[in-house]
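File shown: run_12.cif. Contents: mmCIF, C-alpha atoms.
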```cif
data_target
loop_
_atom_site.group_PDB
_atom_site.id
_atom_site.type_symbol
_atom_site.label_atom_id
_atom_site.label_comp_id
_atom_site.auth_asym_id
_atom_site.auth_seq_id
_atom_site.Cartn_x
_atom_site.Cartn_y
_atom_site.Cartn_z
ATOM 1 C CA MET A 1 38.224 -17.502 -5.097
ATOM 2 C CA ALA A 2 34.762 -18.864 -4.439
ATOM 3 C CA GLU A 3 32.460 -19.218 -7.432
ATOM 4 C CA LEU A 4 28.971 -17.796 -7.848
ATOM 5 C CA VAL A 5 27.258 -21.109 -7.148
ATOM 6 C CA ASP A 6 28.922 -21.378 -3.703
ATOM 7 C CA TYR A 7 27.367 -18.086 -2.645
ATOM 8 C CA LEU A 8 23.998 -19.199 -4.016
ATOM 9 C CA ILE A 9 24.132 -22.414 -1.982
ATOM 10 C CA VAL A 10 25.034 -20.514 1.192
ATOM 11 C CA SER A 11 22.148 -18.121 0.661
ATOM 12 C CA ALA A 12 19.777 -21.054 0.006
ATOM 13 C CA ILE A 13 20.860 -22.597 3.325
ATOM 14 C CA LEU A 14 20.297 -19.283 5.133
ATOM 15 C CA LEU A 15 16.855 -18.949 3.510
ATOM 16 C CA ALA A 16 15.974 -22.490 4.650
ATOM 17 C CA VAL A 17 17.096 -21.745 8.225
ATOM 18 C CA GLY A 18 15.003 -18.568 8.227
ATOM 19 C CA ILE A 19 11.920 -20.394 6.934
ATOM 20 C CA TYR A 20 12.413 -23.010 9.644
ATOM 21 C CA GLY A 21 12.508 -20.254 12.280
ATOM 22 C CA LEU A 22 9.361 -18.601 10.955
ATOM 23 C CA THR A 23 7.527 -21.945 10.878
ATOM 24 C CA VAL A 24 8.492 -23.340 14.257
ATOM 25 C CA LYS A 25 9.079 -20.426 16.625
ATOM 26 C CA ARG A 26 6.265 -18.748 18.539
ATOM 27 C CA ASN A 27 8.482 -16.138 20.185
ATOM 28 C CA PHE A 28 7.940 -12.790 18.428
ATOM 29 C CA ILE A 29 11.600 -11.743 18.761
ATOM 30 C CA ARG A 30 12.866 -15.051 17.346
ATOM 31 C CA MET A 31 10.543 -14.633 14.356
ATOM 32 C CA LEU A 32 12.124 -11.212 13.802
ATOM 33 C CA PHE A 33 15.567 -12.896 13.869
ATOM 34 C CA ALA A 34 14.357 -15.343 11.204
ATOM 35 C CA ILE A 35 13.157 -12.470 9.003
ATOM 36 C CA GLU A 36 16.565 -10.803 9.381
ATOM 37 C CA ILE A 37 18.325 -14.001 8.282
ATOM 38 C CA ILE A 38 16.109 -14.271 5.178
ATOM 39 C CA VAL A 39 16.705 -10.602 4.243
ATOM 40 C CA ASN A 40 20.456 -11.114 4.582
ATOM 41 C CA ALA A 41 20.348 -14.194 2.351
ATOM 42 C CA ALA A 42 18.647 -12.043 -0.300
ATOM 43 C CA ASN A 43 21.276 -9.297 0.073
ATOM 44 C CA LEU A 44 24.062 -11.857 -0.294
ATOM 45 C CA ASN A 45 22.472 -13.019 -3.552
ATOM 46 C CA LEU A 46 22.264 -9.462 -4.869
ATOM 47 C CA VAL A 47 25.922 -8.710 -4.180
ATOM 48 C CA ALA A 48 27.104 -12.104 -5.474
ATOM 49 C CA PHE A 49 25.284 -11.650 -8.780
ATOM 50 C CA SER A 50 26.525 -8.067 -9.053
ATOM 51 C CA ARG A 51 30.130 -9.317 -8.780
ATOM 52 C CA ASN A 52 29.601 -12.156 -11.260
ATOM 53 C CA LEU A 53 27.963 -10.342 -14.160
ATOM 54 C CA PRO A 54 29.824 -10.689 -17.488
ATOM 55 C CA THR A 55 30.888 -7.066 -17.061
ATOM 56 C CA PRO A 56 30.605 -6.496 -13.282
ATOM 57 C CA ASN A 57 28.832 -3.312 -12.282
ATOM 58 C CA VAL A 58 27.684 -1.836 -8.986
ATOM 59 C CA THR A 59 23.909 -1.807 -9.598
ATOM 60 C CA GLY A 60 23.408 -4.898 -7.453
ATOM 61 C CA GLN A 61 25.413 -3.337 -4.636
ATOM 62 C CA THR A 62 23.307 -0.171 -4.810
ATOM 63 C CA LEU A 63 20.137 -2.264 -4.587
ATOM 64 C CA ALA A 64 21.628 -4.144 -1.619
ATOM 65 C CA LEU A 65 22.274 -0.819 0.138
ATOM 66 C CA PHE A 66 18.625 0.217 -0.338
ATOM 67 C CA SER A 67 17.501 -3.210 0.860
ATOM 68 C CA ILE A 68 19.630 -2.953 4.039
ATOM 69 C CA ALA A 69 18.125 0.455 4.862
ATOM 70 C CA ILE A 70 14.548 -0.751 4.330
ATOM 71 C CA ALA A 71 15.212 -3.840 6.487
ATOM 72 C CA ALA A 72 16.444 -1.571 9.289
ATOM 73 C CA ALA A 73 13.181 0.421 9.103
ATOM 74 C CA GLU A 74 11.200 -2.822 9.202
ATOM 75 C CA VAL A 75 13.044 -3.949 12.337
ATOM 76 C CA ALA A 76 12.322 -0.618 14.065
ATOM 77 C CA VAL A 77 8.583 -0.991 13.395
ATOM 78 C CA GLY A 78 8.629 -4.682 14.373
ATOM 79 C CA LEU A 79 10.288 -3.949 17.708
ATOM 80 C CA ALA A 80 7.777 -1.151 18.401
ATOM 81 C CA LEU A 81 4.987 -3.668 17.706
ATOM 82 C CA ILE A 82 6.617 -6.097 20.160
ATOM 83 C CA ILE A 83 6.654 -3.388 22.858
ATOM 84 C CA VAL A 84 2.980 -2.518 22.220
ATOM 85 C CA ALA A 85 1.899 -6.170 22.167
ATOM 86 C CA TYR A 86 3.833 -6.858 25.344
ATOM 87 C CA ARG A 87 2.191 -3.893 27.031
ATOM 88 C CA LEU A 88 -1.279 -5.082 26.011
ATOM 89 C CA TYR A 89 -0.938 -8.846 26.476
ATOM 90 C CA ARG A 90 2.000 -9.216 28.928
ATOM 91 C CA ALA A 91 3.420 -11.831 26.550
ATOM 92 C CA ILE A 92 5.526 -12.116 23.393
ATOM 93 C CA ASP A 93 4.098 -15.502 22.418
ATOM 94 C CA VAL A 94 2.263 -15.005 19.124
ATOM 95 C CA LYS A 95 -0.430 -17.498 20.192
ATOM 96 C CA GLU A 96 -1.431 -15.084 22.944
ATOM 97 C CA PHE A 97 -2.277 -12.439 20.364
ATOM 98 C CA ARG A 98 -5.249 -14.454 19.199
ATOM 99 C CA SER A 99 -7.770 -11.667 19.632
ATOM 100 C CA MET A 100 -6.090 -9.893 16.709
ATOM 101 C CA SER A 101 -7.096 -12.667 14.313
ATOM 102 C CA GLY A 102 -10.754 -11.741 14.619
ATOM 103 C CA MET B 1 38.413 -25.255 -5.478
ATOM 104 C CA VAL B 2 36.730 -23.253 -2.740
ATOM 105 C CA ASP B 3 39.145 -21.235 -0.657
ATOM 106 C CA PRO B 4 39.459 -21.831 3.114
ATOM 107 C CA ALA B 5 38.320 -18.297 4.027
ATOM 108 C CA PHE B 6 34.995 -18.922 2.314
ATOM 109 C CA ILE B 7 34.469 -22.184 4.221
ATOM 110 C CA ALA B 8 35.373 -20.552 7.544
ATOM 111 C CA VAL B 9 32.968 -17.654 6.941
ATOM 112 C CA SER B 10 30.234 -20.112 5.896
ATOM 113 C CA VAL B 11 30.614 -22.118 9.091
ATOM 114 C CA ILE B 12 30.512 -18.944 11.200
ATOM 115 C CA THR B 13 27.501 -17.468 9.402
ATOM 116 C CA ILE B 14 25.283 -20.547 9.172
ATOM 117 C CA GLY B 15 26.272 -21.847 12.612
ATOM 118 C CA SER B 16 25.482 -18.539 14.302
ATOM 119 C CA ALA B 17 22.198 -18.276 12.394
ATOM 120 C CA VAL B 18 21.132 -21.658 13.774
ATOM 121 C CA ILE B 19 22.330 -20.707 17.282
ATOM 122 C CA ALA B 20 20.396 -17.415 17.066
ATOM 123 C CA LEU B 21 17.194 -19.371 16.516
ATOM 124 C CA GLU B 22 17.854 -22.291 18.841
ATOM 125 C CA PHE B 23 19.823 -21.026 21.859
ATOM 126 C CA LYS B 24 17.687 -21.088 25.002
ATOM 127 C CA GLU B 25 18.508 -17.609 26.297
ATOM 128 C CA ILE B 26 17.369 -15.072 23.747
ATOM 129 C CA ILE B 27 20.003 -12.486 24.691
ATOM 130 C CA TYR B 28 22.739 -14.874 23.551
ATOM 131 C CA GLY B 29 20.616 -15.530 20.502
ATOM 132 C CA ALA B 30 20.799 -11.804 19.721
ATOM 133 C CA ILE B 31 24.595 -11.879 20.041
ATOM 134 C CA ALA B 32 24.743 -14.929 17.759
ATOM 135 C CA LEU B 33 22.606 -13.004 15.263
ATOM 136 C CA ALA B 34 25.166 -10.183 15.396
ATOM 137 C CA ILE B 35 27.954 -12.669 14.621
ATOM 138 C CA SER B 36 25.942 -14.107 11.742
ATOM 139 C CA LEU B 37 25.403 -10.611 10.294
ATOM 140 C CA LEU B 38 29.147 -9.949 10.654
ATOM 141 C CA GLY B 39 29.691 -13.151 8.662
ATOM 142 C CA ILE B 40 27.507 -11.731 5.882
ATOM 143 C CA ALA B 41 29.676 -8.591 5.973
ATOM 144 C CA MET B 42 32.737 -10.829 5.551
ATOM 145 C CA TYR B 43 31.117 -12.364 2.455
ATOM 146 C CA PHE B 44 30.697 -8.856 1.087
ATOM 147 C CA VAL B 45 34.415 -8.242 1.644
ATOM 148 C CA LEU B 46 35.211 -11.493 -0.187
ATOM 149 C CA LEU B 47 32.988 -10.267 -3.040
ATOM 150 C CA GLU B 48 34.962 -6.998 -3.228
ATOM 151 C CA ALA B 49 31.970 -4.973 -2.019
ATOM 152 C CA THR B 50 33.709 -3.260 0.896
ATOM 153 C CA PHE B 51 31.330 -0.283 0.967
ATOM 154 C CA VAL B 52 28.308 -2.572 1.364
ATOM 155 C CA ALA B 53 30.217 -4.490 4.050
ATOM 156 C CA MET B 54 30.817 -1.266 5.994
ATOM 157 C CA PHE B 55 27.163 -0.332 5.610
ATOM 158 C CA GLN B 56 26.124 -3.800 6.770
ATOM 159 C CA ILE B 57 28.251 -3.567 9.915
ATOM 160 C CA ALA B 58 27.088 -0.017 10.697
ATOM 161 C CA VAL B 59 23.386 -0.671 10.149
ATOM 162 C CA TYR B 60 22.934 -4.254 11.295
ATOM 163 C CA VAL B 61 25.528 -4.807 14.009
ATOM 164 C CA GLY B 62 25.586 -1.179 15.107
ATOM 165 C CA ALA B 63 21.889 -0.357 15.050
ATOM 166 C CA VAL B 64 19.570 -3.319 14.563
ATOM 167 C CA VAL B 65 21.161 -5.750 17.009
ATOM 168 C CA VAL B 66 21.572 -3.042 19.660
ATOM 169 C CA LEU B 67 17.876 -2.169 19.224
ATOM 170 C CA VAL B 68 16.952 -5.852 19.577
ATOM 171 C CA ILE B 69 19.042 -6.206 22.738
ATOM 172 C CA PHE B 70 17.380 -3.122 24.255
ATOM 173 C CA THR B 71 13.947 -4.544 23.432
ATOM 174 C CA ILE B 72 14.858 -7.851 25.067
ATOM 175 C CA MET B 73 15.917 -5.938 28.161
ATOM 176 C CA LEU B 74 12.652 -3.945 28.196
ATOM 177 C CA VAL B 75 10.478 -7.043 27.872
ATOM 178 C CA ARG B 76 10.404 -8.630 31.291
ATOM 179 C CA ARG B 77 12.679 -11.610 31.787
ATOM 180 C CA GLU B 78 10.241 -14.414 32.484
ATOM 181 C CA ALA B 79 8.025 -13.466 29.557
ATOM 182 C CA TRP B 80 10.467 -14.692 26.954
ATOM 183 C CA MET B 81 11.892 -17.553 28.995
ATOM 184 C CA THR B 82 8.642 -19.503 28.991
ATOM 185 C CA VAL B 83 7.498 -19.317 25.373
ATOM 186 C CA PRO B 84 7.036 -22.946 24.339
ATOM 187 C CA GLU B 85 7.971 -24.383 20.962
ATOM 188 C CA GLY B 86 5.260 -24.810 18.396
ATOM 189 C CA LYS B 87 3.934 -28.274 17.680
ATOM 190 C CA ARG B 88 5.153 -28.040 14.124
ATOM 191 C CA LYS B 89 8.849 -28.599 14.782
ATOM 192 C CA VAL B 90 9.097 -31.760 12.639
ATOM 193 C CA MET B 91 7.164 -30.065 9.857
ATOM 194 C CA GLY B 92 9.469 -27.048 10.092
ATOM 195 C CA ILE B 93 12.570 -29.213 9.807
ATOM 196 C CA ILE B 94 11.086 -31.019 6.787
ATOM 197 C CA ILE B 95 10.300 -27.696 5.087
ATOM 198 C CA MET B 96 13.837 -26.518 5.859
ATOM 199 C CA PHE B 97 15.455 -29.539 4.216
ATOM 200 C CA VAL B 98 13.088 -29.485 1.234
ATOM 201 C CA THR B 99 13.938 -25.812 0.624
ATOM 202 C CA MET B 100 17.648 -26.404 1.137
ATOM 203 C CA PHE B 101 18.022 -29.458 -1.087
ATOM 204 C CA GLY B 102 15.511 -28.249 -3.665
ATOM 205 C CA LEU B 103 17.251 -24.924 -4.194
ATOM 206 C CA GLY B 104 20.677 -26.566 -3.919
ATOM 207 C CA ALA B 105 19.814 -29.118 -6.614
ATOM 208 C CA ILE B 106 18.474 -26.347 -8.855
ATOM 209 C CA PHE B 107 21.664 -24.307 -8.452
ATOM 210 C CA ILE B 108 23.994 -27.269 -8.981
ATOM 211 C CA ASN B 109 22.114 -28.489 -12.049
ATOM 212 C CA SER B 110 21.899 -25.038 -13.578
ATOM 213 C CA GLY B 111 24.605 -23.823 -15.923
ATOM 214 C CA LEU B 112 26.029 -21.601 -13.200
ATOM 215 C CA THR B 113 28.584 -24.177 -12.041
ATOM 216 C CA ALA B 114 30.554 -23.582 -15.222
ATOM 217 C CA TRP B 115 30.558 -19.835 -14.594
ATOM 218 C CA HIS B 116 33.919 -18.322 -13.697
ATOM 219 C CA VAL B 117 34.418 -15.069 -11.878
ATOM 220 C CA PRO B 118 35.139 -12.290 -14.375
ATOM 221 C CA GLU B 119 37.673 -9.541 -13.904
ATOM 222 C CA SER B 120 36.183 -6.552 -12.174
ATOM 223 C CA SER B 121 36.976 -2.883 -11.822
ATOM 224 C CA MET B 122 34.223 -1.857 -9.424
ATOM 225 C CA THR B 123 34.851 0.983 -6.990
ATOM 226 C CA PHE B 124 32.649 2.575 -4.376
ATOM 227 C CA VAL B 125 32.879 5.838 -6.325
ATOM 228 C CA GLN B 126 30.531 4.252 -8.860
ATOM 229 C CA ILE B 127 28.011 3.473 -6.097
ATOM 230 C CA GLY B 128 27.918 7.108 -5.006
ATOM 231 C CA ASP B 129 27.668 8.206 -8.611
ATOM 232 C CA GLN B 130 24.696 5.920 -9.304
ATOM 233 C CA MET B 131 22.952 6.802 -6.051
ATOM 234 C CA LEU B 132 23.099 10.533 -6.624
ATOM 235 C CA THR B 133 22.276 10.545 -10.337
ATOM 236 C CA TYR B 134 20.147 7.713 -11.715
ATOM 237 C CA TYR B 135 18.798 6.460 -8.385
ATOM 238 C CA SER B 136 18.299 9.836 -6.682
ATOM 239 C CA PRO B 137 14.442 9.608 -6.713
ATOM 240 C CA VAL B 138 14.752 6.204 -5.049
ATOM 241 C CA LEU B 139 17.104 7.704 -2.459
ATOM 242 C CA ILE B 140 14.571 10.440 -1.660
ATOM 243 C CA ALA B 141 11.710 7.919 -1.472
ATOM 244 C CA MET B 142 13.804 5.745 0.841
ATOM 245 C CA ALA B 143 14.588 8.701 3.091
ATOM 246 C CA LEU B 144 10.866 9.495 3.373
ATOM 247 C CA THR B 145 10.074 5.826 4.054
ATOM 248 C CA LEU B 146 12.674 5.707 6.826
ATOM 249 C CA ALA B 147 11.343 8.910 8.384
ATOM 250 C CA ALA B 148 7.767 7.616 8.196
ATOM 251 C CA SER B 149 8.710 4.280 9.733
ATOM 252 C CA ILE B 150 10.608 5.920 12.589
ATOM 253 C CA ILE B 151 7.687 8.274 13.307
ATOM 254 C CA GLY B 152 5.355 5.258 13.127
ATOM 255 C CA ALA B 153 7.527 3.302 15.551
ATOM 256 C CA LEU B 154 7.604 6.231 17.971
ATOM 257 C CA VAL B 155 3.817 6.639 17.801
ATOM 258 C CA LEU B 156 3.331 2.895 18.342
ATOM 259 C CA ALA B 157 5.650 2.710 21.331
ATOM 260 C CA LYS B 158 4.405 5.934 22.941
ATOM 261 C CA VAL B 159 2.758 5.461 26.316
ATOM 262 C CA ASP B 160 -0.752 6.847 25.991
ATOM 263 C CA LEU B 161 -1.649 7.928 29.516
ATOM 264 C CA GLY B 162 -5.224 8.836 28.556
ATOM 265 C CA ALA B 163 -6.127 5.413 27.142
ATOM 266 C CA LYS B 164 -7.181 2.540 29.329
ATOM 267 C CA VAL B 165 -4.541 -0.177 29.100
ATOM 268 C CA ASN B 166 -5.909 -3.690 28.843
ATOM 269 C CA GLY B 167 -3.888 -5.653 31.365
ATOM 270 C CA GLY B 168 -5.419 -9.074 30.713
ATOM 271 C CA ALA B 169 -4.437 -11.673 28.171
ATOM 272 C CA GLY B 170 -6.694 -10.447 25.431
#
```

Once more with this new file: its structure as structure tokens, please.
Amino acid sequence: MAELVDYLIVSAILLAVGIYGLTVKRNFIRMLFAIEIIVNAANLNLVAFSRNLPTPNVTGQTLALFSIAIAAAEVAVGLALIIVAYRLYRAIDVKEFRSMSG
Amino acid sequence: MVDPAFIAVSVITIGSAVIALEFKEIIYGAIALAISLLGIAMYFVLLEATFVAMFQIAVYVGAVVVLVIFTIMLVRREAWMTVPEGKRKVMGIIIMFVTMFGLGAIFINSGLTAWHVPESSMTFVQIGDQMLTYYSPVLIAMALTLAASIIGALVLAKVDLGAKVNGGAG
């Protein structure tokens, strides 16, 4: 049985990979992948702590369920933004969207 | 002693996450992302949260990744093949390792290493009970948020035939 700290280290690694993706990538879809990885690292933390409380209860799992649903909504809006930006700029490189930065 | 299943799932999850960000063809990246999300679902099974694991597979692998793959197919092929890397790759790798080792050192030096997994009697019945009693306002708010976001996504992606579409690069 893996201990709590193992799950925490895995989620720290996933968070680091996601931050790397957000920093380096200029492809809009890849940045969305990185956000997904970070959200999943957070969910893993929630469920791991929920299992490892002194008296385990399901509150952390309930919060993880809400978090999963909100992340799905965020992806739907993000993909719609990609479609709109592609239609306007014919590109999914975030550097091409410079006119948005004012 | 960490059990072999945990190590196998870790390798699958973290390896596919890196492949999802680094593989040249983005469609394979999307499939690697699906495998990584399945790995997270396997962690949930190891943590005795089978209901959350089912939800994870249904929502992420069943909906989100399929939506991403459809978007990749809608965006024309050469557009995503030619996006160059940023100039900050070295900086990104440094930030990644600082985050990883910083958080890892904090976790290892905290008192959590001495923590042992307690006995548990959690069932998914309790999740349904909590969701429909104490957290029912949150459930309603989440339903409205989801509806609003889906309507927003539809409005954003709608082709407006009356408006003049700017075809240039900004």

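Across B:Leu132, B:Ala20, B:Val11, B:Ala53, the tightest approach to A:Leu65 is made by B:Ala53 when counting all atoms listed in the file.
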
request  = Rank B:Thr71, B:Tyr28, B:Gln130, B:Ser121 by their smallest atom-to-atom distance to A:Leu81, using all atoms listed in the file, and report the top residue only.
outcome  = B:Thr71

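Near B:Ile27, within a cut-off of 12 Å and counting all atoms listed in the file, sit the residues Ile29, Arg30 and Phe33 of chain A; Ile19, Ala20, Leu21, Leu33, Ala34, Val65, Val66, Leu67, Val68, Ile69, Phe70, Thr71, Ile72, Met73, Leu74, Val75, Arg77, Trp80 and Met81 of chain B, with same-chain residues fewer than 6 positions away left out.
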
Please build the interface table for chain A against chain B with a cut-off of 6 Å, listing for each qualifying residue the nearest atom pair and the distance in Å to one decimal; count all atoms listed in the file, order rows by chain and increasing number, and write it as JSON lines.
```
{"residue": "A:Met1", "atom": "CA", "partner": "B:Asp3", "partner_atom": "CA", "distance": 5.9}
{"residue": "A:Ala2", "atom": "CA", "partner": "B:Val2", "partner_atom": "CA", "distance": 5.1}
{"residue": "A:Val5", "atom": "CA", "partner": "B:Thr113", "partner_atom": "CA", "distance": 5.9}
{"residue": "A:Ile9", "atom": "CA", "partner": "B:Gly104", "partner_atom": "CA", "distance": 5.7}
{"residue": "A:Ala12", "atom": "CA", "partner": "B:Met100", "partner_atom": "CA", "distance": 5.9}
{"residue": "A:Ile13", "atom": "CA", "partner": "B:Met100", "partner_atom": "CA", "distance": 5.4}
{"residue": "A:Ala16", "atom": "CA", "partner": "B:Met96", "partner_atom": "CA", "distance": 4.7}
{"residue": "A:Tyr20", "atom": "CA", "partner": "B:Gly92", "partner_atom": "CA", "distance": 5.0}
{"residue": "A:Thr23", "atom": "CA", "partner": "B:Gly92", "partner_atom": "CA", "distance": 5.5}
{"residue": "A:Val24", "atom": "CA", "partner": "B:Lys89", "partner_atom": "CA", "distance": 5.3}
{"residue": "A:Lys25", "atom": "CA", "partner": "B:Glu85", "partner_atom": "CA", "distance": 6.0}
{"residue": "A:Asn52", "atom": "CA", "partner": "B:Val117", "partner_atom": "CA", "distance": 5.7}
{"residue": "A:Pro56", "atom": "CA", "partner": "B:Ser120", "partner_atom": "CA", "distance": 5.7}
{"residue": "A:Ala73", "atom": "CA", "partner": "B:Leu146", "partner_atom": "CA", "distance": 5.8}
{"residue": "A:Val77", "atom": "CA", "partner": "B:Ala153", "partner_atom": "CA", "distance": 4.9}
{"residue": "A:Ala80", "atom": "CA", "partner": "B:Ala153", "partner_atom": "CA", "distance": 5.3}
{"residue": "A:Val84", "atom": "CA", "partner": "B:Ala157", "partner_atom": "CA", "distance": 5.9}
{"residue": "A:Leu88", "atom": "CA", "partner": "B:Asn166", "partner_atom": "CA", "distance": 5.6}
{"residue": "A:Tyr89", "atom": "CA", "partner": "B:Ala169", "partner_atom": "CA", "distance": 4.8}
{"residue": "A:Ala91", "atom": "CA", "partner": "B:Ala79", "partner_atom": "CA", "distance": 5.7}
{"residue": "A:Asp93", "atom": "CA", "partner": "B:Val83", "partner_atom": "CA", "distance": 5.9}
```

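Interatomic distance, atom CA of B:Lys24 to atom CA of A:Ala71: 25.4 Å.
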
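Coordinates place atom CA of A:Gln61 at a distance of 19.9 Å from atom CA of B:Gly62.
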
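When all atoms listed in the file are used to compute distances to A:Ile82, the closest of the residues A:Glu3, A:Arg51, A:Leu8, A:Val94 turns out to be A:Val94.
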
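Note that atom CA of B:Glu25 and atom CA of A:Ile19 are 20.6 Å apart.
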
remark   = A:Asn45 proximity check over A:Tyr7, A:Phe66, A:Tyr86, A:Phe28, using all atoms listed in the file: winner is A:Tyr7

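When all atoms listed in the file are used to measure the gap to B:Val45, the shortest distance among B:Val9, B:Leu144, B:Ala32, B:Ala58 belongs to B:Val9.
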
Extending 3 Å beyond the listed atoms of stretch 47-62 of chain A on each side, what axis-aligned box results? I want centre and edge lengths in Å to one decimal, as lines of an AutoDock Vina configuration file.
```
center_x = 27.1
center_y = -6.2
center_z = -10.8
size_x = 13.6
size_y = 18.0
size_z = 19.3
```

remark   = A:Phe97 proximity check over A:Val10, A:Phe49, A:Arg26, A:Val17, using only C-alpha atoms: winner is A:Arg26

query = Which residues fall under the PyMOL selection byres ((chain A and resi 40) around 9) in this file, as a ChimeraX atom specification?
reply = /A:11,14-15,35-39,41-45,68 /B:37,40
